[in-house]
Every structure is written in C-alpha cells, then in structure tokens.
Amino acid sequence: MKNRALNTDFSERCVVDSLALPWQPSPSPKVSRRLLERDGGEIARATSIVRYDAGARFESHLHELGEEILVLEGTLGDELGSYGPGTYLKNPPGSRHAPFSEGGCILFVKLRHLDPADADRIVVNTALAPWHRGMVEGLTVMPLSEFQTTHTAMVRWAPGTYFNPHRHFGGEEIFVVDGVFSDEHGSYRQGSWIRSPHLSQHKPFSVEGCVILVKTGHLLD
C-alpha cells in the first residue's frame, strides 16, 4: 500500500460506519480490512477492522509502537495463546508475534498508537471479567488498560441510560461493539467508530442499550 492519509486530523470530529465500508486487501491473501484511519503505508499508524479467513496467518513481525486488538468474532491465535470473541489484547511497543486464525476471525485493531514507554502486555477476556458500577445508574465499566493520560475500557449501557454533559481531555474514541450508542449529534449502530478531539464535549445516552469500547486521553499530539 502506498502512503495514505485517512482521517488523520485529530482536531476534527470523525464518525465512520465500518459496516458500510468495502473490504480492502492486505499483504496476506487471506486477510482483508476496512480502514477507519490511517497515516502511512504498510507500516502506519492505523485503526481498522481486520478479517482473517480460515487458515490465515502472518509471519512473525515487530510492533515498534504497539498494537491493540479487540476480537469481535471468531478466534485469533499466536505463539502466546488463543483469543476468543470479546478478548482485548495489548501488545506493547517492541513486541513481536506471528498471528493466525484456524477458523477465521474479525478484529478491531489499532496500530502504532501506544507510548514507547508503555511496556505492559495485557490480555482481558471481557466475556468473563467483572463489570464495575459506573458514575450513573445503568452504566457499568470494565477497565482494560491505562498509561499516563490514556485509559481504555469497555462500557455497558442499560436501555434508557443517560450521562451528564462532559469534556474529553485528550479526546475520546469509541467503537460500538453492540447495540446503539447516541449523543446530541446522532445515533451510532454496532460497528460505528467515533473519534472526538481534545476538549470536545457531548451528552451521551443509549435508548436501546449498548456496549462500547472507549479510549480516552490519547489524542493530545
């Protein structure tokens, strides 16, 4: 892939319905992807939905600035383990692995977004990990990772849950895993990706209920 700039202006709010995007080829003939944001060629700061066909695999490779994965469907594997639906995986900067999928899988993937000093490898099976009470009734939270100003968590909204208006220091990024998430700007179905810039404000809610992956504090650069 040639160098590509897609949704690279972090000062702008960005909303993408990933389910409406075409699948594009990758260097592996059995791996395709839907591009949400990208800055670079095959080595790029990027956020994507990635699909492994059955039997797909990559050779061992280095992640200089790390990788974050949420397994949406199927099972991903590497030399360190097997990761089923709902697994959150953070491979730190400088890590190396050779991922594969025997039966196929679909992943939400972020590449080259981590601080070089963030050295922790994290694996969380969100299907089994506990939920904690949130700041308002109907909201529960599952912390996944944090480093300096950056926090990543799963957030579950019961139907009819409303949150207070608030600002996002360092911005906010949301991927809707299930259900419908909403704010005063619109409603976002499963598969939607929303990136809001540093010090942006909104008043989120969910009429139907939803589960979202949320990352905050990482859009200061």
# chains A, B, ... in the order shown; residues from 1 in each chain; ligands from 1

$ residues_around --residues "A:Pro116" --least-positions-apart "2" --cutoff "10 Å" --atoms "only C-alpha atoms" --output "short mmCIF file (atom, residue, chain, number, x, y, z; two decimals) with N, CA, C and O atoms, in the first residue's frame"
data_model
loop_
_atom_site.label_atom_id
_atom_site.label_comp_id
_atom_site.auth_asym_id
_atom_site.auth_seq_id
_atom_site.Cartn_x
_atom_site.Cartn_y
_atom_site.Cartn_z
N GLU A 64 6.66 -1.87 16.55
CA GLU A 64 7.55 -0.87 17.15
C GLU A 64 6.80 0.05 18.12
O GLU A 64 7.34 0.43 19.15
N LEU A 65 5.57 0.41 17.78
CA LEU A 65 4.78 1.30 18.64
C LEU A 65 3.50 0.61 19.11
O LEU A 65 2.51 1.27 19.41
N GLY A 66 3.54 -0.71 19.19
CA GLY A 66 2.48 -1.46 19.82
C GLY A 66 1.25 -1.70 18.97
O GLY A 66 1.13 -1.22 17.83
N PRO A 92 2.69 -4.53 23.62
CA PRO A 92 3.38 -3.26 23.84
C PRO A 92 4.40 -2.94 22.76
O PRO A 92 4.78 -3.82 21.97
N PRO A 93 4.85 -1.70 22.72
CA PRO A 93 5.91 -1.33 21.78
C PRO A 93 7.13 -2.24 21.94
O PRO A 93 7.55 -2.56 23.05
N GLY A 94 7.66 -2.66 20.79
CA GLY A 94 8.82 -3.56 20.79
C GLY A 94 8.47 -5.02 20.85
O GLY A 94 9.37 -5.87 20.80
N ARG A 112 0.33 1.30 16.28
CA ARG A 112 1.26 2.42 16.44
C ARG A 112 0.63 3.61 17.15
O ARG A 112 0.93 4.76 16.85
N HIS A 113 -0.26 3.34 18.12
CA HIS A 113 -0.88 4.40 18.91
C HIS A 113 -0.32 4.48 20.33
O HIS A 113 -0.68 5.38 21.07
N LEU A 114 0.52 3.53 20.73
CA LEU A 114 0.94 3.44 22.13
C LEU A 114 2.20 4.25 22.39
O LEU A 114 3.05 4.42 21.51
N ASP A 118 5.12 2.52 27.30
CA ASP A 118 4.03 1.66 27.79
C ASP A 118 4.42 0.21 27.53
O ASP A 118 4.22 -0.32 26.44
N ALA A 119 4.95 -0.45 28.54
CA ALA A 119 5.61 -1.75 28.35
C ALA A 119 4.75 -2.94 28.75
O ALA A 119 5.20 -4.08 28.64
#

$ closest_atom_pairs --of "stretch 49-138 of chain A" --to "stretch 10-24 of chain A" --cutoff "10 Å" --atoms "only C-alpha atoms" --output "tab-separated table"
residue	atom	partner	partner_atom	distance
A:Ile49	CA	A:Ser18	CA	7.4
A:Val50	CA	A:Trp23	CA	8.7
A:Arg51	CA	A:Trp23	CA	8.5

$ residues_around --residues "A:Tyr52" --least-positions-apart "6" --cutoff "6 Å" --atoms "only C-alpha atoms" --output "mmCIF file with all heavy atoms, in the first residue's frame"
data_model
loop_
_atom_site.group_PDB
_atom_site.id
_atom_site.type_symbol
_atom_site.label_atom_id
_atom_site.label_comp_id
_atom_site.auth_asym_id
_atom_site.auth_seq_id
_atom_site.Cartn_x
_atom_site.Cartn_y
_atom_site.Cartn_z
ATOM 1 N N VAL A 31 -6.249 -12.160 4.359
ATOM 2 C CA VAL A 31 -6.577 -11.125 5.339
ATOM 3 C C VAL A 31 -7.024 -9.874 4.600
ATOM 4 O O VAL A 31 -6.353 -9.420 3.669
ATOM 5 C CB VAL A 31 -5.373 -10.802 6.254
ATOM 6 C CG1 VAL A 31 -5.727 -9.678 7.216
ATOM 7 C CG2 VAL A 31 -4.928 -12.042 7.026
ATOM 8 N N GLY A 104 -10.905 -18.517 11.217
ATOM 9 C CA GLY A 104 -11.290 -17.182 10.784
ATOM 10 C C GLY A 104 -11.730 -16.316 11.947
ATOM 11 O O GLY A 104 -12.178 -16.824 12.981
ATOM 12 N N CYS A 105 -11.587 -15.014 11.808
ATOM 13 C CA CYS A 105 -11.986 -14.084 12.866
ATOM 14 C C CYS A 105 -12.113 -12.675 12.299
ATOM 15 O O CYS A 105 -11.632 -12.383 11.197
ATOM 16 C CB CYS A 105 -10.983 -14.096 14.028
ATOM 17 S SG CYS A 105 -9.307 -13.565 13.611
#

$ select_by_dssp --residues "stretch 2-221 of chain A" --states "strand (DSSP E or B)" --output "compact mmCIF listing (two decimals) with N, CA and C atoms, in the first residue's frame"
# COMPACT_ATOMS: atom_id res chain seq x y z
N ARG A 4 -0.84 6.61 2.75
CA ARG A 4 -2.23 7.05 2.68
C ARG A 4 -2.57 7.84 3.93
N ALA A 5 -3.25 8.97 3.74
CA ALA A 5 -3.72 9.79 4.85
C ALA A 5 -5.24 9.71 4.87
N LEU A 6 -5.79 9.08 5.89
CA LEU A 6 -7.23 8.91 6.02
C LEU A 6 -7.64 9.27 7.44
N CYS A 14 -14.78 12.81 13.99
CA CYS A 14 -14.85 11.87 12.88
C CYS A 14 -15.80 10.74 13.24
N VAL A 15 -16.71 10.40 12.33
CA VAL A 15 -17.65 9.29 12.53
C VAL A 15 -17.63 8.41 11.29
N VAL A 16 -17.42 7.09 11.50
CA VAL A 16 -17.37 6.16 10.38
C VAL A 16 -18.22 4.94 10.72
N ASP A 17 -19.11 4.56 9.81
CA ASP A 17 -19.87 3.31 9.94
C ASP A 17 -19.05 2.23 9.25
N GLN A 24 -10.80 -4.24 1.93
CA GLN A 24 -9.64 -3.98 1.07
C GLN A 24 -8.55 -5.01 1.34
N PRO A 25 -7.74 -5.33 0.34
CA PRO A 25 -6.72 -6.37 0.52
C PRO A 25 -5.59 -5.92 1.44
N VAL A 31 -6.25 -12.16 4.36
CA VAL A 31 -6.58 -11.12 5.34
C VAL A 31 -7.02 -9.87 4.60
N SER A 32 -8.17 -9.33 5.00
CA SER A 32 -8.66 -8.07 4.41
C SER A 32 -9.04 -7.12 5.53
N ARG A 33 -9.31 -5.86 5.18
CA ARG A 33 -9.52 -4.86 6.22
C ARG A 33 -10.42 -3.73 5.74
N ARG A 34 -11.09 -3.12 6.70
CA ARG A 34 -11.84 -1.90 6.49
C ARG A 34 -11.10 -0.79 7.22
N LEU A 35 -10.72 0.25 6.50
CA LEU A 35 -9.85 1.29 7.05
C LEU A 35 -10.67 2.41 7.69
N LEU A 36 -10.42 2.67 8.97
CA LEU A 36 -11.09 3.74 9.69
C LEU A 36 -10.22 5.00 9.74
N GLU A 37 -8.97 4.83 10.08
CA GLU A 37 -7.99 5.92 10.00
C GLU A 37 -6.65 5.30 9.65
N ARG A 38 -5.83 6.07 8.94
CA ARG A 38 -4.53 5.54 8.52
C ARG A 38 -3.61 6.68 8.16
N ASP A 39 -2.36 6.58 8.60
CA ASP A 39 -1.35 7.57 8.26
C ASP A 39 -0.07 6.82 7.93
N GLY A 40 0.12 6.50 6.64
CA GLY A 40 1.31 5.79 6.21
C GLY A 40 0.98 4.68 5.24
N ALA A 44 2.10 1.80 9.38
CA ALA A 44 1.29 3.02 9.51
C ALA A 44 0.65 3.07 10.89
N ARG A 45 0.44 4.29 11.35
CA ARG A 45 -0.48 4.50 12.47
C ARG A 45 -1.87 4.31 11.90
N ALA A 46 -2.62 3.34 12.45
CA ALA A 46 -3.87 2.97 11.78
C ALA A 46 -4.87 2.40 12.77
N THR A 47 -6.15 2.56 12.41
CA THR A 47 -7.25 1.89 13.09
C THR A 47 -8.09 1.22 12.01
N SER A 48 -8.37 -0.07 12.19
CA SER A 48 -9.02 -0.84 11.14
C SER A 48 -9.89 -1.95 11.72
N ILE A 49 -10.83 -2.41 10.91
CA ILE A 49 -11.49 -3.69 11.15
C ILE A 49 -10.76 -4.69 10.26
N VAL A 50 -10.28 -5.78 10.84
CA VAL A 50 -9.45 -6.73 10.10
C VAL A 50 -10.14 -8.10 10.10
N ARG A 51 -10.23 -8.71 8.92
CA ARG A 51 -10.86 -10.02 8.78
C ARG A 51 -9.82 -11.06 8.35
N TYR A 52 -9.68 -12.10 9.16
CA TYR A 52 -8.85 -13.25 8.82
C TYR A 52 -9.77 -14.35 8.27
N ALA A 56 -5.71 -18.20 7.77
CA ALA A 56 -4.84 -17.04 7.54
C ALA A 56 -3.77 -16.97 8.63
N ARG A 57 -2.59 -16.50 8.22
CA ARG A 57 -1.51 -16.33 9.19
C ARG A 57 -0.49 -15.33 8.67
N HIS A 61 6.40 -10.72 13.25
CA HIS A 61 6.72 -9.32 12.91
C HIS A 61 6.74 -8.47 14.17
N LEU A 62 7.42 -7.36 14.07
CA LEU A 62 7.64 -6.45 15.19
C LEU A 62 6.59 -5.34 15.19
N HIS A 63 6.11 -4.99 16.39
CA HIS A 63 5.24 -3.83 16.56
C HIS A 63 6.03 -2.76 17.31
N GLU A 67 0.35 -2.47 19.56
CA GLU A 67 -0.87 -2.89 18.88
C GLU A 67 -1.95 -3.17 19.93
N GLU A 68 -3.17 -2.76 19.62
CA GLU A 68 -4.32 -3.12 20.45
C GLU A 68 -5.35 -3.85 19.58
N ILE A 69 -5.93 -4.90 20.14
CA ILE A 69 -6.90 -5.72 19.40
C ILE A 69 -8.10 -6.00 20.29
N LEU A 70 -9.30 -5.92 19.70
CA LEU A 70 -10.49 -6.47 20.32
C LEU A 70 -11.06 -7.50 19.35
N VAL A 71 -11.16 -8.75 19.80
CA VAL A 71 -11.69 -9.81 18.94
C VAL A 71 -13.21 -9.69 18.90
N LEU A 72 -13.75 -9.41 17.72
CA LEU A 72 -15.19 -9.22 17.56
C LEU A 72 -15.90 -10.54 17.25
N GLU A 73 -15.28 -11.36 16.42
CA GLU A 73 -15.86 -12.66 16.05
C GLU A 73 -14.73 -13.66 15.85
N GLY A 74 -14.99 -14.94 16.12
CA GLY A 74 -14.01 -15.99 15.86
C GLY A 74 -12.90 -16.00 16.89
N LEU A 76 -8.57 -15.64 17.37
CA LEU A 76 -7.22 -15.27 16.92
C LEU A 76 -6.22 -16.04 17.77
N GLY A 77 -5.12 -16.44 17.16
CA GLY A 77 -4.07 -17.10 17.91
C GLY A 77 -2.71 -16.53 17.60
N ASP A 78 -1.75 -16.75 18.48
CA ASP A 78 -0.34 -16.52 18.21
C ASP A 78 0.46 -17.47 19.10
N GLY A 81 -0.83 -17.67 22.82
CA GLY A 81 -2.14 -18.09 23.29
C GLY A 81 -3.21 -18.04 22.22
N SER A 82 -4.46 -18.23 22.69
CA SER A 82 -5.63 -18.22 21.82
C SER A 82 -6.63 -17.24 22.40
N TYR A 83 -7.25 -16.42 21.54
CA TYR A 83 -8.05 -15.29 21.99
C TYR A 83 -9.41 -15.33 21.31
N THR A 87 -12.14 -10.86 23.51
CA THR A 87 -10.81 -10.71 24.13
C THR A 87 -10.17 -9.39 23.70
N TYR A 88 -9.69 -8.65 24.70
CA TYR A 88 -8.89 -7.44 24.46
C TYR A 88 -7.43 -7.81 24.65
N LEU A 89 -6.59 -7.41 23.69
CA LEU A 89 -5.17 -7.76 23.70
C LEU A 89 -4.35 -6.51 23.42
N LYS A 90 -3.42 -6.20 24.32
CA LYS A 90 -2.48 -5.09 24.08
C LYS A 90 -1.07 -5.66 24.00
N ASN A 91 -0.47 -5.54 22.82
CA ASN A 91 0.93 -5.92 22.61
C ASN A 91 1.77 -4.65 22.67
N SER A 95 7.19 -5.37 20.94
CA SER A 95 6.79 -6.77 20.99
C SER A 95 6.75 -7.37 19.59
N ARG A 96 6.77 -8.70 19.55
CA ARG A 96 6.77 -9.43 18.28
C ARG A 96 5.85 -10.63 18.41
N HIS A 97 5.10 -10.94 17.35
CA HIS A 97 4.30 -12.16 17.34
C HIS A 97 3.99 -12.58 15.91
N PHE A 100 -2.41 -15.78 13.76
CA PHE A 100 -3.07 -16.67 12.80
C PHE A 100 -4.50 -16.91 13.27
N SER A 101 -5.30 -17.50 12.39
CA SER A 101 -6.64 -17.90 12.77
C SER A 101 -7.00 -19.17 12.00
N CYS A 105 -11.59 -15.01 11.81
CA CYS A 105 -11.99 -14.08 12.87
C CYS A 105 -12.11 -12.68 12.30
N ILE A 106 -12.77 -11.80 13.07
CA ILE A 106 -12.88 -10.38 12.75
C ILE A 106 -12.42 -9.60 13.97
N LEU A 107 -11.55 -8.60 13.74
CA LEU A 107 -10.90 -7.88 14.82
C LEU A 107 -11.06 -6.37 14.65
N PHE A 108 -11.11 -5.66 15.76
CA PHE A 108 -10.89 -4.21 15.77
C PHE A 108 -9.43 -4.03 16.17
N VAL A 109 -8.64 -3.32 15.34
CA VAL A 109 -7.19 -3.25 15.54
C VAL A 109 -6.71 -1.81 15.49
N LYS A 110 -5.86 -1.45 16.45
CA LYS A 110 -5.17 -0.16 16.45
C LYS A 110 -3.67 -0.42 16.44
N LEU A 111 -2.98 0.22 15.50
CA LEU A 111 -1.53 0.05 15.35
C LEU A 111 -0.80 1.37 15.57
N ILE A 122 -1.18 -6.87 27.94
CA ILE A 122 -2.43 -7.08 28.66
C ILE A 122 -3.34 -7.97 27.82
N VAL A 123 -3.95 -8.96 28.46
CA VAL A 123 -4.96 -9.80 27.83
C VAL A 123 -6.15 -9.87 28.78
N VAL A 124 -7.33 -9.46 28.31
CA VAL A 124 -8.55 -9.49 29.13
C VAL A 124 -9.65 -10.17 28.33
N ASN A 125 -10.22 -11.23 28.89
CA ASN A 125 -11.40 -11.86 28.30
C ASN A 125 -12.62 -11.12 28.82
N HIS A 132 -17.91 -3.11 36.76
CA HIS A 132 -17.98 -2.27 37.94
C HIS A 132 -19.01 -1.17 37.72
N ARG A 133 -19.63 -0.77 38.81
CA ARG A 133 -20.66 0.27 38.74
C ARG A 133 -20.07 1.56 38.17
N LEU A 139 -25.08 2.33 34.11
CA LEU A 139 -23.78 2.30 33.44
C LEU A 139 -22.82 1.39 34.21
N THR A 140 -22.18 0.45 33.53
CA THR A 140 -21.15 -0.38 34.14
C THR A 140 -19.90 -0.32 33.28
N VAL A 141 -18.74 -0.46 33.94
CA VAL A 141 -17.45 -0.23 33.29
C VAL A 141 -16.52 -1.41 33.56
N MET A 142 -15.74 -1.78 32.56
CA MET A 142 -14.70 -2.79 32.69
C MET A 142 -13.36 -2.19 32.26
N PRO A 143 -12.52 -1.74 33.20
CA PRO A 143 -11.21 -1.18 32.82
C PRO A 143 -10.35 -2.23 32.11
N LEU A 144 -9.66 -1.80 31.07
CA LEU A 144 -8.80 -2.70 30.31
C LEU A 144 -7.33 -2.32 30.40
N SER A 145 -7.03 -1.03 30.23
CA SER A 145 -5.63 -0.59 30.20
C SER A 145 -5.57 0.89 30.54
N GLU A 146 -4.47 1.29 31.19
CA GLU A 146 -4.23 2.72 31.40
C GLU A 146 -2.73 2.98 31.44
N PHE A 147 -2.37 4.14 30.92
CA PHE A 147 -0.98 4.58 30.93
C PHE A 147 -0.97 6.10 30.82
N THR A 150 -3.86 8.10 29.20
CA THR A 150 -4.66 7.24 28.34
C THR A 150 -5.36 6.14 29.14
N HIS A 151 -6.66 6.00 28.90
CA HIS A 151 -7.46 4.98 29.58
C HIS A 151 -8.31 4.25 28.53
N THR A 152 -8.35 2.92 28.62
CA THR A 152 -9.15 2.11 27.71
C THR A 152 -10.07 1.23 28.54
N ALA A 153 -11.33 1.14 28.15
CA ALA A 153 -12.31 0.37 28.93
C ALA A 153 -13.46 -0.07 28.03
N MET A 154 -14.15 -1.11 28.47
CA MET A 154 -15.45 -1.45 27.92
C MET A 154 -16.49 -0.76 28.80
N VAL A 155 -17.53 -0.22 28.18
CA VAL A 155 -18.60 0.44 28.92
C VAL A 155 -19.93 -0.13 28.43
N ARG A 156 -20.74 -0.57 29.38
CA ARG A 156 -22.04 -1.17 29.07
C ARG A 156 -23.16 -0.23 29.53
N TRP A 157 -24.07 0.08 28.62
CA TRP A 157 -25.19 0.97 28.88
C TRP A 157 -26.48 0.16 28.89
N THR A 161 -30.27 4.64 29.51
CA THR A 161 -29.24 5.26 30.35
C THR A 161 -28.78 6.58 29.74
N TYR A 162 -28.71 7.62 30.58
CA TYR A 162 -28.28 8.95 30.14
C TYR A 162 -27.12 9.41 31.01
N HIS A 166 -20.09 16.31 29.36
CA HIS A 166 -18.72 16.33 29.87
C HIS A 166 -17.74 16.57 28.72
N ARG A 167 -16.55 17.05 29.09
CA ARG A 167 -15.47 17.28 28.12
C ARG A 167 -14.46 16.14 28.19
N HIS A 168 -13.74 15.94 27.09
CA HIS A 168 -12.75 14.88 27.00
C HIS A 168 -11.35 15.48 26.91
N GLU A 172 -11.49 11.49 22.84
CA GLU A 172 -12.18 10.22 23.11
C GLU A 172 -12.39 9.47 21.80
N GLU A 173 -12.26 8.16 21.87
CA GLU A 173 -12.50 7.29 20.72
C GLU A 173 -13.44 6.18 21.17
N ILE A 174 -14.48 5.93 20.39
CA ILE A 174 -15.49 4.92 20.73
C ILE A 174 -15.67 3.98 19.55
N PHE A 175 -15.75 2.68 19.84
CA PHE A 175 -16.19 1.70 18.85
C PHE A 175 -17.40 0.99 19.44
N VAL A 176 -18.52 1.01 18.71
CA VAL A 176 -19.76 0.41 19.20
C VAL A 176 -19.72 -1.09 18.91
N VAL A 177 -19.58 -1.86 19.98
CA VAL A 177 -19.47 -3.32 19.86
C VAL A 177 -20.84 -3.96 19.67
N ASP A 178 -21.85 -3.41 20.36
CA ASP A 178 -23.19 -3.99 20.29
C ASP A 178 -24.21 -2.90 20.62
N GLY A 179 -25.39 -3.00 20.04
CA GLY A 179 -26.45 -2.06 20.35
C GLY A 179 -26.32 -0.74 19.62
N VAL A 180 -26.93 0.31 20.18
CA VAL A 180 -26.93 1.64 19.58
C VAL A 180 -26.52 2.67 20.63
N PHE A 181 -25.46 3.40 20.37
CA PHE A 181 -24.97 4.48 21.22
C PHE A 181 -25.42 5.81 20.61
N SER A 182 -25.73 6.80 21.44
CA SER A 182 -26.24 8.08 20.93
C SER A 182 -25.66 9.24 21.72
N ASP A 183 -25.68 10.41 21.11
CA ASP A 183 -25.46 11.68 21.80
C ASP A 183 -26.26 12.74 21.05
N GLY A 186 -26.10 12.53 17.13
CA GLY A 186 -26.65 11.45 16.32
C GLY A 186 -26.69 10.13 17.06
N SER A 187 -27.06 9.07 16.33
CA SER A 187 -27.08 7.71 16.87
C SER A 187 -26.16 6.84 16.03
N TYR A 188 -25.50 5.88 16.68
CA TYR A 188 -24.43 5.12 16.07
C TYR A 188 -24.64 3.64 16.34
N ARG A 189 -24.88 2.90 15.27
CA ARG A 189 -25.19 1.48 15.41
C ARG A 189 -23.92 0.66 15.64
N SER A 192 -20.01 1.19 14.48
CA SER A 192 -19.66 2.61 14.29
C SER A 192 -18.42 2.96 15.08
N TRP A 193 -17.62 3.85 14.52
CA TRP A 193 -16.40 4.36 15.15
C TRP A 193 -16.51 5.87 15.22
N ILE A 194 -16.34 6.42 16.42
CA ILE A 194 -16.46 7.86 16.65
C ILE A 194 -15.20 8.36 17.32
N ARG A 195 -14.55 9.37 16.75
CA ARG A 195 -13.37 9.98 17.36
C ARG A 195 -13.66 11.45 17.60
N SER A 196 -13.53 11.87 18.88
CA SER A 196 -13.81 13.26 19.26
C SER A 196 -12.53 13.91 19.76
N SER A 200 -13.29 18.26 23.42
CA SER A 200 -14.64 18.21 22.86
C SER A 200 -15.64 17.86 23.96
N GLN A 201 -16.90 18.18 23.72
CA GLN A 201 -17.94 17.95 24.72
C GLN A 201 -19.14 17.27 24.08
N HIS A 202 -19.79 16.38 24.81
CA HIS A 202 -21.06 15.82 24.36
C HIS A 202 -21.86 15.30 25.55
N PHE A 205 -25.96 9.01 25.56
CA PHE A 205 -27.05 8.21 26.12
C PHE A 205 -27.26 6.99 25.23
N SER A 206 -28.07 6.07 25.73
CA SER A 206 -28.46 4.94 24.90
C SER A 206 -29.90 4.57 25.22
N CYS A 210 -26.36 -0.57 24.89
CA CYS A 210 -25.21 -0.83 24.04
C CYS A 210 -24.00 -1.23 24.87
N VAL A 211 -23.00 -1.76 24.16
CA VAL A 211 -21.67 -1.99 24.72
C VAL A 211 -20.67 -1.30 23.81
N ILE A 212 -19.78 -0.48 24.39
CA ILE A 212 -18.81 0.25 23.58
C ILE A 212 -17.40 0.05 24.14
N LEU A 213 -16.44 0.09 23.24
CA LEU A 213 -15.02 0.17 23.61
C LEU A 213 -14.65 1.64 23.60
N VAL A 214 -14.09 2.14 24.70
CA VAL A 214 -13.79 3.56 24.84
C VAL A 214 -12.32 3.75 25.15
N LYS A 215 -11.68 4.67 24.45
CA LYS A 215 -10.28 5.03 24.69
C LYS A 215 -10.23 6.54 24.83
N THR A 216 -9.65 7.03 25.91
CA THR A 216 -9.60 8.49 26.15
C THR A 216 -8.18 8.92 26.48

$ closest_residue --among "A:Asp9, A:Arg121, A:Pro159, A:Glu42" --to "A:Leu80" --atoms "only C-alpha atoms"
A:Arg121
